[in-house]
Structures are given as C-alpha cells and as structure tokens.
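Shown below: protein_6.pdb, with PDB, C-alpha atoms.
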ATOM      1  CA  MET A 173      18.031 -68.522  94.424  1.00  0.00           C
ATOM      2  CA  PRO A 174      20.888 -70.880  95.409  1.00  0.00           C
ATOM      3  CA  ALA A 175      23.444 -71.776  92.772  1.00  0.00           C
ATOM      4  CA  TRP A 176      23.131 -75.028  90.853  1.00  0.00           C
ATOM      5  CA  ARG A 177      25.743 -77.494  92.111  1.00  0.00           C
ATOM      6  CA  VAL A 178      26.845 -79.827  89.328  1.00  0.00           C
ATOM      7  CA  GLY A 179      29.246 -82.736  89.684  1.00  0.00           C
ATOM      8  CA  LEU A 180      31.296 -83.214  86.506  1.00  0.00           C
ATOM      9  CA  THR A 181      33.065 -86.523  85.980  1.00  0.00           C
ATOM     10  CA  GLY A 182      34.379 -88.891  83.326  1.00  0.00           C
ATOM     11  CA  GLY A 183      37.049 -91.521  82.930  1.00  0.00           C
ATOM     12  CA  ILE A 184      40.632 -90.668  82.055  1.00  0.00           C
ATOM     13  CA  GLY A 185      40.814 -89.489  78.441  1.00  0.00           C
ATOM     14  CA  SER A 186      37.085 -88.751  78.228  1.00  0.00           C
ATOM     15  CA  GLY A 187      37.559 -85.031  77.568  1.00  0.00           C
ATOM     16  CA  LYS A 188      36.239 -83.939  80.963  1.00  0.00           C
ATOM     17  CA  SER A 189      38.734 -81.081  81.273  1.00  0.00           C
ATOM     18  CA  THR A 190      37.720 -79.764  77.839  1.00  0.00           C
ATOM     19  CA  VAL A 191      34.060 -79.849  78.873  1.00  0.00           C
ATOM     20  CA  ALA A 192      34.926 -78.052  82.142  1.00  0.00           C
ATOM     21  CA  ALA A 193      36.621 -75.268  80.181  1.00  0.00           C
ATOM     22  CA  MET A 194      33.572 -74.973  77.906  1.00  0.00           C
ATOM     23  CA  LEU A 195      31.253 -74.768  80.941  1.00  0.00           C
ATOM     24  CA  ALA A 196      33.474 -71.992  82.310  1.00  0.00           C
ATOM     25  CA  ASP A 197      33.013 -70.158  78.997  1.00  0.00           C
ATOM     26  CA  CYS A 198      29.245 -70.481  79.568  1.00  0.00           C
ATOM     27  CA  GLY A 199      29.626 -68.732  82.924  1.00  0.00           C
ATOM     28  CA  ALA A 200      29.990 -71.599  85.398  1.00  0.00           C
ATOM     29  CA  ALA A 201      32.373 -71.428  88.338  1.00  0.00           C
ATOM     30  CA  ILE A 202      34.691 -74.429  88.079  1.00  0.00           C
ATOM     31  CA  ILE A 203      36.122 -76.033  91.198  1.00  0.00           C
ATOM     32  CA  ASP A 204      38.771 -78.522  90.089  1.00  0.00           C
ATOM     33  CA  ALA A 205      39.244 -81.188  92.763  1.00  0.00           C
ATOM     34  CA  ASP A 206      42.195 -82.700  90.884  1.00  0.00           C
ATOM     35  CA  ALA A 207      44.003 -79.344  90.714  1.00  0.00           C
ATOM     36  CA  ILE A 208      43.381 -78.803  94.429  1.00  0.00           C
ATOM     37  CA  SER A 209      44.725 -82.289  95.134  1.00  0.00           C
ATOM     38  CA  ARG A 210      47.862 -81.533  93.107  1.00  0.00           C
ATOM     39  CA  GLN A 211      48.375 -78.305  95.069  1.00  0.00           C
ATOM     40  CA  THR A 212      48.375 -80.250  98.335  1.00  0.00           C
ATOM     41  CA  THR A 213      51.223 -82.437  97.020  1.00  0.00           C
ATOM     42  CA  ALA A 214      53.205 -79.685  95.269  1.00  0.00           C
ATOM     43  CA  PRO A 215      56.382 -78.253  96.855  1.00  0.00           C
ATOM     44  CA  GLY A 216      55.334 -76.872 100.235  1.00  0.00           C
ATOM     45  CA  GLY A 217      51.839 -78.362  99.872  1.00  0.00           C
ATOM     46  CA  ALA A 218      49.737 -79.052 102.961  1.00  0.00           C
ATOM     47  CA  ALA A 219      49.907 -82.831 102.496  1.00  0.00           C
ATOM     48  CA  ILE A 220      53.701 -83.107 102.167  1.00  0.00           C
ATOM     49  CA  PRO A 221      54.636 -83.253 105.903  1.00  0.00           C
ATOM     50  CA  MET A 222      52.048 -86.003 106.541  1.00  0.00           C
ATOM     51  CA  ILE A 223      53.111 -87.956 103.432  1.00  0.00           C
ATOM     52  CA  SER A 224      56.728 -87.839 104.590  1.00  0.00           C
ATOM     53  CA  GLN A 225      55.687 -88.947 108.078  1.00  0.00           C
ATOM     54  CA  HIS A 226      53.466 -91.841 106.940  1.00  0.00           C
ATOM     55  CA  PHE A 227      55.320 -93.051 103.829  1.00  0.00           C
ATOM     56  CA  GLY A 228      58.910 -91.957 104.466  1.00  0.00           C
ATOM     57  CA  ALA A 229      61.071 -89.150 103.116  1.00  0.00           C
ATOM     58  CA  ALA A 230      61.791 -91.181  99.957  1.00  0.00           C
ATOM     59  CA  MET A 231      58.269 -90.353  98.739  1.00  0.00           C
ATOM     60  CA  VAL A 232      59.153 -86.633  98.686  1.00  0.00           C
ATOM     61  CA  SER A 233      61.332 -85.454  95.808  1.00  0.00           C
ATOM     62  CA  ALA A 234      64.286 -83.088  96.137  1.00  0.00           C
ATOM     63  CA  ASP A 235      62.115 -80.051  95.359  1.00  0.00           C
ATOM     64  CA  GLY A 236      59.760 -80.868  98.229  1.00  0.00           C
ATOM     65  CA  ALA A 237      56.892 -82.285  96.161  1.00  0.00           C
ATOM     66  CA  LEU A 238      55.326 -85.734  96.170  1.00  0.00           C
ATOM     67  CA  ASP A 239      57.321 -88.176  94.023  1.00  0.00           C
ATOM     68  CA  ARG A 240      54.317 -89.024  91.829  1.00  0.00           C
ATOM     69  CA  ASP A 241      55.891 -91.880  89.885  1.00  0.00           C
ATOM     70  CA  ARG A 242      57.057 -93.648  93.029  1.00  0.00           C
ATOM     71  CA  MET A 243      53.726 -93.126  94.811  1.00  0.00           C
ATOM     72  CA  ARG A 244      51.738 -94.244  91.745  1.00  0.00           C
ATOM     73  CA  ALA A 245      53.713 -97.486  91.637  1.00  0.00           C
ATOM     74  CA  LEU A 246      53.075 -98.053  95.351  1.00  0.00           C
ATOM     75  CA  VAL A 247      49.318 -97.415  95.375  1.00  0.00           C
ATOM     76  CA  PHE A 248      48.762 -99.575  92.291  1.00  0.00           C
ATOM     77  CA  SER A 249      50.414-102.508  94.025  1.00  0.00           C
ATOM     78  CA  ASP A 250      49.101-101.847  97.555  1.00  0.00           C
ATOM     79  CA  PRO A 251      45.417-100.928  98.134  1.00  0.00           C
ATOM     80  CA  GLU A 252      46.123-100.155 101.804  1.00  0.00           C
ATOM     81  CA  ALA A 253      48.716 -97.551 100.758  1.00  0.00           C
ATOM     82  CA  ARG A 254      46.105 -95.960  98.502  1.00  0.00           C
ATOM     83  CA  ARG A 255      43.680 -95.724 101.438  1.00  0.00           C
ATOM     84  CA  ARG A 256      46.353 -94.165 103.669  1.00  0.00           C
ATOM     85  CA  LEU A 257      47.209 -91.599 100.991  1.00  0.00           C
ATOM     86  CA  GLU A 258      43.536 -90.749 100.431  1.00  0.00           C
ATOM     87  CA  ALA A 259      43.036 -90.332 104.187  1.00  0.00           C
ATOM     88  CA  ILE A 260      45.685 -87.600 104.088  1.00  0.00           C
ATOM     89  CA  ILE A 261      44.643 -85.810 100.900  1.00  0.00           C
ATOM     90  CA  HIS A 262      40.831 -86.060 100.821  1.00  0.00           C
ATOM     91  CA  PRO A 263      40.118 -83.955 103.945  1.00  0.00           C
ATOM     92  CA  LEU A 264      42.426 -81.210 102.653  1.00  0.00           C
ATOM     93  CA  VAL A 265      40.743 -81.255  99.244  1.00  0.00           C
ATOM     94  CA  GLY A 266      37.299 -81.256 100.867  1.00  0.00           C
ATOM     95  CA  ALA A 267      38.063 -78.204 102.983  1.00  0.00           C
ATOM     96  CA  GLU A 268      39.456 -76.201 100.056  1.00  0.00           C
ATOM     97  CA  THR A 269      36.584 -77.282  97.783  1.00  0.00           C
ATOM     98  CA  ALA A 270      34.061 -76.064 100.364  1.00  0.00           C
ATOM     99  CA  ARG A 271      35.920 -72.755 100.734  1.00  0.00           C
ATOM    100  CA  GLN A 272      35.903 -72.147  96.973  1.00  0.00           C
ATOM    101  CA  ALA A 273      32.204 -73.080  96.756  1.00  0.00           C
ATOM    102  CA  ARG A 274      31.299 -70.578  99.492  1.00  0.00           C
ATOM    103  CA  GLN A 275      33.305 -67.928  97.683  1.00  0.00           C
ATOM    104  CA  ALA A 276      31.517 -68.662  94.389  1.00  0.00           C
ATOM    105  CA  GLU A 277      28.079 -68.487  96.031  1.00  0.00           C
ATOM    106  CA  GLN A 278      28.922 -65.222  97.786  1.00  0.00           C
ATOM    107  CA  SER A 279      29.959 -63.722  94.442  1.00  0.00           C
ATOM    108  CA  GLY A 280      26.531 -64.577  92.988  1.00  0.00           C
ATOM    109  CA  GLN A 281      27.452 -67.485  90.692  1.00  0.00           C
ATOM    110  CA  ARG A 282      24.414 -69.233  89.202  1.00  0.00           C
ATOM    111  CA  CYS A 283      26.178 -72.556  88.669  1.00  0.00           C
ATOM    112  CA  ILE A 284      29.101 -74.180  90.470  1.00  0.00           C
ATOM    113  CA  VAL A 285      30.691 -77.139  88.679  1.00  0.00           C
ATOM    114  CA  PHE A 286      32.717 -79.528  90.813  1.00  0.00           C
ATOM    115  CA  ASP A 287      35.195 -81.205  88.467  1.00  0.00           C
ATOM    116  CA  VAL A 288      35.781 -84.537  90.273  1.00  0.00           C
ATOM    117  CA  PRO A 289      37.522 -87.396  88.400  1.00  0.00           C
ATOM    118  CA  LEU A 290      36.495 -90.016  90.998  1.00  0.00           C
ATOM    119  CA  LEU A 291      33.025 -88.653  91.776  1.00  0.00           C
ATOM    120  CA  VAL A 292      31.265 -91.983  91.237  1.00  0.00           C
ATOM    121  CA  GLU A 293      33.918 -93.917  93.144  1.00  0.00           C
ATOM    122  CA  SER A 294      33.936 -91.659  96.209  1.00  0.00           C
ATOM    123  CA  GLY A 295      30.351 -92.319  97.212  1.00  0.00           C
ATOM    124  CA  ARG A 296      30.108 -89.030  99.113  1.00  0.00           C
ATOM    125  CA  TRP A 297      29.810 -86.600  96.200  1.00  0.00           C
ATOM    126  CA  ARG A 298      26.354 -87.666  95.037  1.00  0.00           C
ATOM    127  CA  GLN A 299      24.789 -86.081  98.128  1.00  0.00           C
ATOM    128  CA  GLN A 300      26.662 -82.809  97.630  1.00  0.00           C
ATOM    129  CA  VAL A 301      25.465 -81.946  94.113  1.00  0.00           C
ATOM    130  CA  ASP A 302      22.116 -81.346  92.418  1.00  0.00           C
ATOM    131  CA  GLN A 303      23.046 -83.070  89.165  1.00  0.00           C
ATOM    132  CA  VAL A 304      25.821 -85.364  87.916  1.00  0.00           C
ATOM    133  CA  LEU A 305      27.156 -84.611  84.427  1.00  0.00           C
ATOM    134  CA  VAL A 306      29.157 -87.457  82.886  1.00  0.00           C
ATOM    135  CA  VAL A 307      31.429 -87.074  79.857  1.00  0.00           C
ATOM    136  CA  ASP A 308      31.321 -90.431  78.104  1.00  0.00           C
ATOM    137  CA  CYS A 309      33.332 -92.198  75.420  1.00  0.00           C
ATOM    138  CA  SER A 310      34.308 -95.750  74.583  1.00  0.00           C
ATOM    139  CA  GLU A 311      37.119 -97.406  76.510  1.00  0.00           C
ATOM    140  CA  GLU A 312      39.156 -97.764  73.321  1.00  0.00           C
ATOM    141  CA  THR A 313      38.885 -94.002  72.741  1.00  0.00           C
ATOM    142  CA  GLN A 314      40.096 -93.411  76.305  1.00  0.00           C
ATOM    143  CA  VAL A 315      43.118 -95.651  75.774  1.00  0.00           C
ATOM    144  CA  ARG A 316      44.014 -94.077  72.435  1.00  0.00           C
ATOM    145  CA  ARG A 317      43.747 -90.507  73.732  1.00  0.00           C
ATOM    146  CA  VAL A 318      45.790 -91.092  76.878  1.00  0.00           C
ATOM    147  CA  MET A 319      48.515 -92.986  75.030  1.00  0.00           C
ATOM    148  CA  ALA A 320      48.799 -90.075  72.592  1.00  0.00           C
ATOM    149  CA  ARG A 321      48.600 -87.378  75.284  1.00  0.00           C
ATOM    150  CA  ASN A 322      50.783 -88.875  78.025  1.00  0.00           C
ATOM    151  CA  GLY A 323      53.039 -91.181  76.059  1.00  0.00           C
ATOM    152  CA  TRP A 324      51.942 -94.078  78.265  1.00  0.00           C
ATOM    153  CA  SER A 325      51.770 -97.728  77.258  1.00  0.00           C
ATOM    154  CA  ARG A 326      48.405 -99.437  76.831  1.00  0.00           C
ATOM    155  CA  GLU A 327      49.151-101.326  80.062  1.00  0.00           C
ATOM    156  CA  GLN A 328      49.718 -98.104  82.040  1.00  0.00           C
ATOM    157  CA  VAL A 329      46.440 -96.634  80.800  1.00  0.00           C
ATOM    158  CA  GLY A 330      44.689 -99.889  81.636  1.00  0.00           C
ATOM    159  CA  GLN A 331      46.027 -99.763  85.213  1.00  0.00           C
ATOM    160  CA  VAL A 332      44.558 -96.282  85.749  1.00  0.00           C
ATOM    161  CA  MET A 333      41.245 -97.264  84.179  1.00  0.00           C
ATOM    162  CA  ALA A 334      41.085-100.345  86.423  1.00  0.00           C
ATOM    163  CA  GLY A 335      41.213 -98.023  89.448  1.00  0.00           C
ATOM    164  CA  GLN A 336      38.276 -95.970  88.169  1.00  0.00           C
ATOM    165  CA  ALA A 337      34.563 -96.716  87.970  1.00  0.00           C
ATOM    166  CA  THR A 338      33.490 -98.642  84.893  1.00  0.00           C
ATOM    167  CA  ARG A 339      31.807 -96.889  82.021  1.00  0.00           C
ATOM    168  CA  SER A 340      28.470 -98.475  82.945  1.00  0.00           C
ATOM    169  CA  GLN A 341      28.814 -97.356  86.592  1.00  0.00           C
ATOM    170  CA  ARG A 342      29.399 -93.747  85.513  1.00  0.00           C
ATOM    171  CA  LEU A 343      26.465 -93.821  83.094  1.00  0.00           C
ATOM    172  CA  ALA A 344      24.231 -95.257  85.820  1.00  0.00           C
ATOM    173  CA  ALA A 345      25.144 -92.286  88.051  1.00  0.00           C
ATOM    174  CA  ALA A 346      24.552 -89.656  85.343  1.00  0.00           C
ATOM    175  CA  ASP A 347      21.687 -87.162  85.351  1.00  0.00           C
ATOM    176  CA  VAL A 348      23.106 -85.643  82.177  1.00  0.00           C
ATOM    177  CA  CYS A 349      25.486 -87.356  79.743  1.00  0.00           C
ATOM    178  CA  ILE A 350      27.639 -85.744  77.037  1.00  0.00           C
ATOM    179  CA  ALA A 351      28.934 -88.169  74.414  1.00  0.00           C
ATOM    180  CA  ASN A 352      32.490 -87.306  73.387  1.00  0.00           C
ATOM    181  CA  ASP A 353      33.682 -90.237  71.315  1.00  0.00           C
ATOM    182  CA  GLY A 354      36.332 -90.081  68.639  1.00  0.00           C
ATOM    183  CA  ALA A 355      34.054 -88.763  65.888  1.00  0.00           C
ATOM    184  CA  VAL A 356      32.770 -85.768  67.897  1.00  0.00           C
ATOM    185  CA  SER A 357      34.336 -82.479  66.774  1.00  0.00           C
ATOM    186  CA  LEU A 358      35.098 -79.645  69.197  1.00  0.00           C
ATOM    187  CA  GLU A 359      32.317 -77.615  67.567  1.00  0.00           C
ATOM    188  CA  VAL A 360      29.741 -80.339  68.188  1.00  0.00           C
ATOM    189  CA  LEU A 361      31.062 -80.858  71.720  1.00  0.00           C
ATOM    190  CA  ALA A 362      30.704 -77.134  72.429  1.00  0.00           C
ATOM    191  CA  LEU A 363      27.095 -77.255  71.220  1.00  0.00           C
ATOM    192  CA  LEU A 364      26.344 -80.228  73.491  1.00  0.00           C
ATOM    193  CA  VAL A 365      27.922 -78.399  76.431  1.00  0.00           C
ATOM    194  CA  ARG A 366      25.877 -75.239  75.775  1.00  0.00           C
ATOM    195  CA  GLN A 367      22.693 -77.353  75.709  1.00  0.00           C
ATOM    196  CA  ALA A 368      23.648 -78.917  79.053  1.00  0.00           C
ATOM    197  CA  ALA A 369      24.563 -75.511  80.491  1.00  0.00           C
ATOM    198  CA  GLN A 370      21.045 -74.228  79.829  1.00  0.00           C
ATOM    199  CA  ARG A 371      19.739 -76.891  82.203  1.00  0.00           C
ATOM    200  CA  PHE A 372      21.917 -75.403  84.930  1.00  0.00           C
ATOM    201  CA  GLY A 373      20.697 -71.828  84.585  1.00  0.00           C
ATOM    202  CA  LEU A 374      23.528 -70.653  82.345  1.00  0.00           C
TER     203      LEU A 374
END

If you convert what's in this file into structure tokens, what do you get?
Amino acid sequence: MPAWRVGLTGGIGSGKSTVAAMLADCGAAIIDADAISRQTTAPGGAAIPMISQHFGAAMVSADGALDRDRMRALVFSDPEARRRLEAIIHPLVGAETARQARQAEQSGQRCIVFDVPLLVESGRWRQQVDQVLVVDCSEETQVRRVMARNGWSREQVGQVMAGQATRSQRLAAADVCIANDGAVSLEVLALLVRQAAQRFGL
C-alpha cells in the first residue's frame, strides 16, 4: 500500500513546526521544505552561485551564505525580485523533496508529511498530496507569538503575513484542521495531532 502523502501548512506563528515534530513522534516521515530551502542558501549551498550571478555578490555574506536580511528587504519591496529568487530556489527544493520522498517510501514509511509553509500559495502542492493538514490560529495569536519568538516589531510580522495566504484561504484548502490558538496547551495539541495521525495510517 502506498504511503499517505500529507501536506502540512500554517501561517507564521501557527505552531506548524511543533505539530510536525508531534507527527514525527507518531511515526511520520517529515520532509521540511523550509529546511531544504535554507540548505540551498547556506554557505556552499546549491543556490548561492545563481543568487550571486542574478542579484550580485552583495547578496552573499562573507561566510558564503545568502544575506537573508538584505534579500528579505529586497523581495518585500520588489515582487519581481521575489519571483526571480523563487525561480532559483524552488526547482532545487523540489528535486530534494522528491528524493527524500522516494527514500521514505523505499524504507516502508506509512505516512510522509511535507512541511510546506507556502503550500496554499504555491498552487502546485495540492496535486502532490492526498490530504492537506492546516494548523490554524487567530492572526493576533500569530503576531504575538512571532514578536515574542523572533523579537520582531508588529510591522515586520505583518509584512510576512501579508506575503502569505490569508487564514480563510488556508482553511478553505484544508482537509484536516488543527486549532492551535493561545488557549491550547501542548498536551491538548498532542492529543489533536494523534487523532489526525490516525487518519493517515499512523
């Protein structure tokens, strides 16, 4: 029987990474698209030569990694720059994601969870998974969590959220939804995740 393929998503500050870790504890194989993306832009990463070529050497820091702060400022102010960056990184992430998925299937995994922050926005992921699992919370909870976690201003959090799907768009795409608002304890969240995991053969 082929493995369940589950797309996991949620807005910044929703607790998606916590849910991914809990699904891993239930036995799922987690493929983290964000982590793969970061690897491509780390020192010596596959995307670095192309980023330097297309955006200039100033976008690469002294240690050979993407200058994230400088690039973030550019893509927020220039949608075309965002598209050019995505055209470099997305194919690399796609190839590595597919490789890890094949590896998980060959090892007999019953459920492969693709942890994709921009799953709803990308448009292409819906066709690649059996179910979409959305971790949901209010926008105010998102803002509060990210300000506390990252030390960002409310405006900075708002800029990131503006570049993501809206809460209603994510909920409309969900086959399964886990509510993780401010009042939900880790124990309750773990119970909700275990209930969801049972749907995916775990």

Practice item. Check which residues satisfy the PyMOL selection byres ((chain A and resi 371) around 12) in the file shown, then give them as a list in words. Key: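 On the file shown, the PyMOL selection byres ((chain A and resi 371) around 12) covers Trp176, Arg177, Val178, Leu195, Cys198, Ala200, Arg282, Cys283, Asp302, Gln303, Val304, Leu305, Asp347, Val348, Leu364, Val365, Arg366, Gln367, Ala368, Ala369, Gln370, Phe372, Gly373 and Leu374 of chain A.
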
Practice item. Check which residues satisfy the PyMOL selection byres ((chain A and resi 276-278) around 12) in the file shown, then give them as a ChimeraX atom specification. Key: /A:173-177,199-203,269-275,279-286

Exercise for review: Please write as a list in words the full residue list that the PyMOL selection byres ((chain A and resi 210-221) around 6) yields on this file.
Suggested key: Ala207, Ile208, Ser209, Met222, Ile223, Ser224, Gly236, Ala237 and Leu238 of chain A

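The interatomic distance for the pair CA of Val307 in chain A and CA of Arg240 in chain A works out to 25.9 Å.
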
Long-range neighbours of range 323-330 of chain A as a PDB file with C-alpha atoms, in the frame of the given file, 12 Å cut-off, all atoms listed in the file, 6 positions minimum in chain:
ATOM      1  CA  GLY A 183      37.049 -91.521  82.930  1.00  0.00           C
ATOM      2  CA  ILE A 184      40.632 -90.668  82.055  1.00  0.00           C
ATOM      3  CA  GLY A 185      40.814 -89.489  78.441  1.00  0.00           C
ATOM      4  CA  ASP A 241      55.891 -91.880  89.885  1.00  0.00           C
ATOM      5  CA  ARG A 244      51.738 -94.244  91.745  1.00  0.00           C
ATOM      6  CA  ALA A 245      53.713 -97.486  91.637  1.00  0.00           C
ATOM      7  CA  PHE A 248      48.762 -99.575  92.291  1.00  0.00           C
ATOM      8  CA  GLU A 311      37.119 -97.406  76.510  1.00  0.00           C
ATOM      9  CA  GLU A 312      39.156 -97.764  73.321  1.00  0.00           C
ATOM     10  CA  THR A 313      38.885 -94.002  72.741  1.00  0.00           C
ATOM     11  CA  GLN A 314      40.096 -93.411  76.305  1.00  0.00           C
ATOM     12  CA  VAL A 315      43.118 -95.651  75.774  1.00  0.00           C
ATOM     13  CA  ARG A 316      44.014 -94.077  72.435  1.00  0.00           C
ATOM     14  CA  ARG A 317      43.747 -90.507  73.732  1.00  0.00           C
ATOM     15  CA  GLN A 336      38.276 -95.970  88.169  1.00  0.00           C
ATOM     16  CA  THR A 338      33.490 -98.642  84.893  1.00  0.00           C
TER      17      THR A 338
END

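Pairwise distance (CA of Val356 in chain A, CA of Met333 in chain A) equals 21.7 Å.
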
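Computed from the coordinates, the CA of Asn322 in chain A to CA of Glu293 in chain A distance equals 23.2 Å.
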
If the box runs along x, y and z of the file and leaves 6 Å on each side of range 363-372 of chain A, what are its centre and edge lengths in Å, one decimal, as lines of an AutoDock Vina configuration file?
center_x = 23.8
center_y = -77.2
center_z = 78.1
size_x = 20.2
size_y = 18.0
size_z = 25.7

**Study point:** Option closest in space to Ala346 in chain A, from A:Val301, A:Met243, A:Ala192, A:Leu264 [counting only C-alpha atoms]
**Key:**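 Closest residue, counting only C-alpha atoms: A:Val301.
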
Practice item. Find the residues near Arg296 in chain A: any atom within 12 Å, counting all atoms listed in the file, skip ones fewer than 6 places away on the same chain, and give them as a list in words. Key: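 Counting all atoms listed in the file, the residues come to Gly179, His262, Gly266, Val288 and Leu290 of chain A.
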
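In this comparison, which uses all atoms listed in the file, the residue of A:Val292, A:Ala355, A:Arg242, A:Arg321 approaching Gln341 in chain A most closely is A:Val292.
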
Point to revise | Closest of A:Ala259, A:Leu291, A:Cys309, A:Ala362 to Ser340 in chain A - atom-to-atom distances counting all atoms listed in the file | key: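 Smallest distance to Ser340 in chain A is found for A:Cys309.
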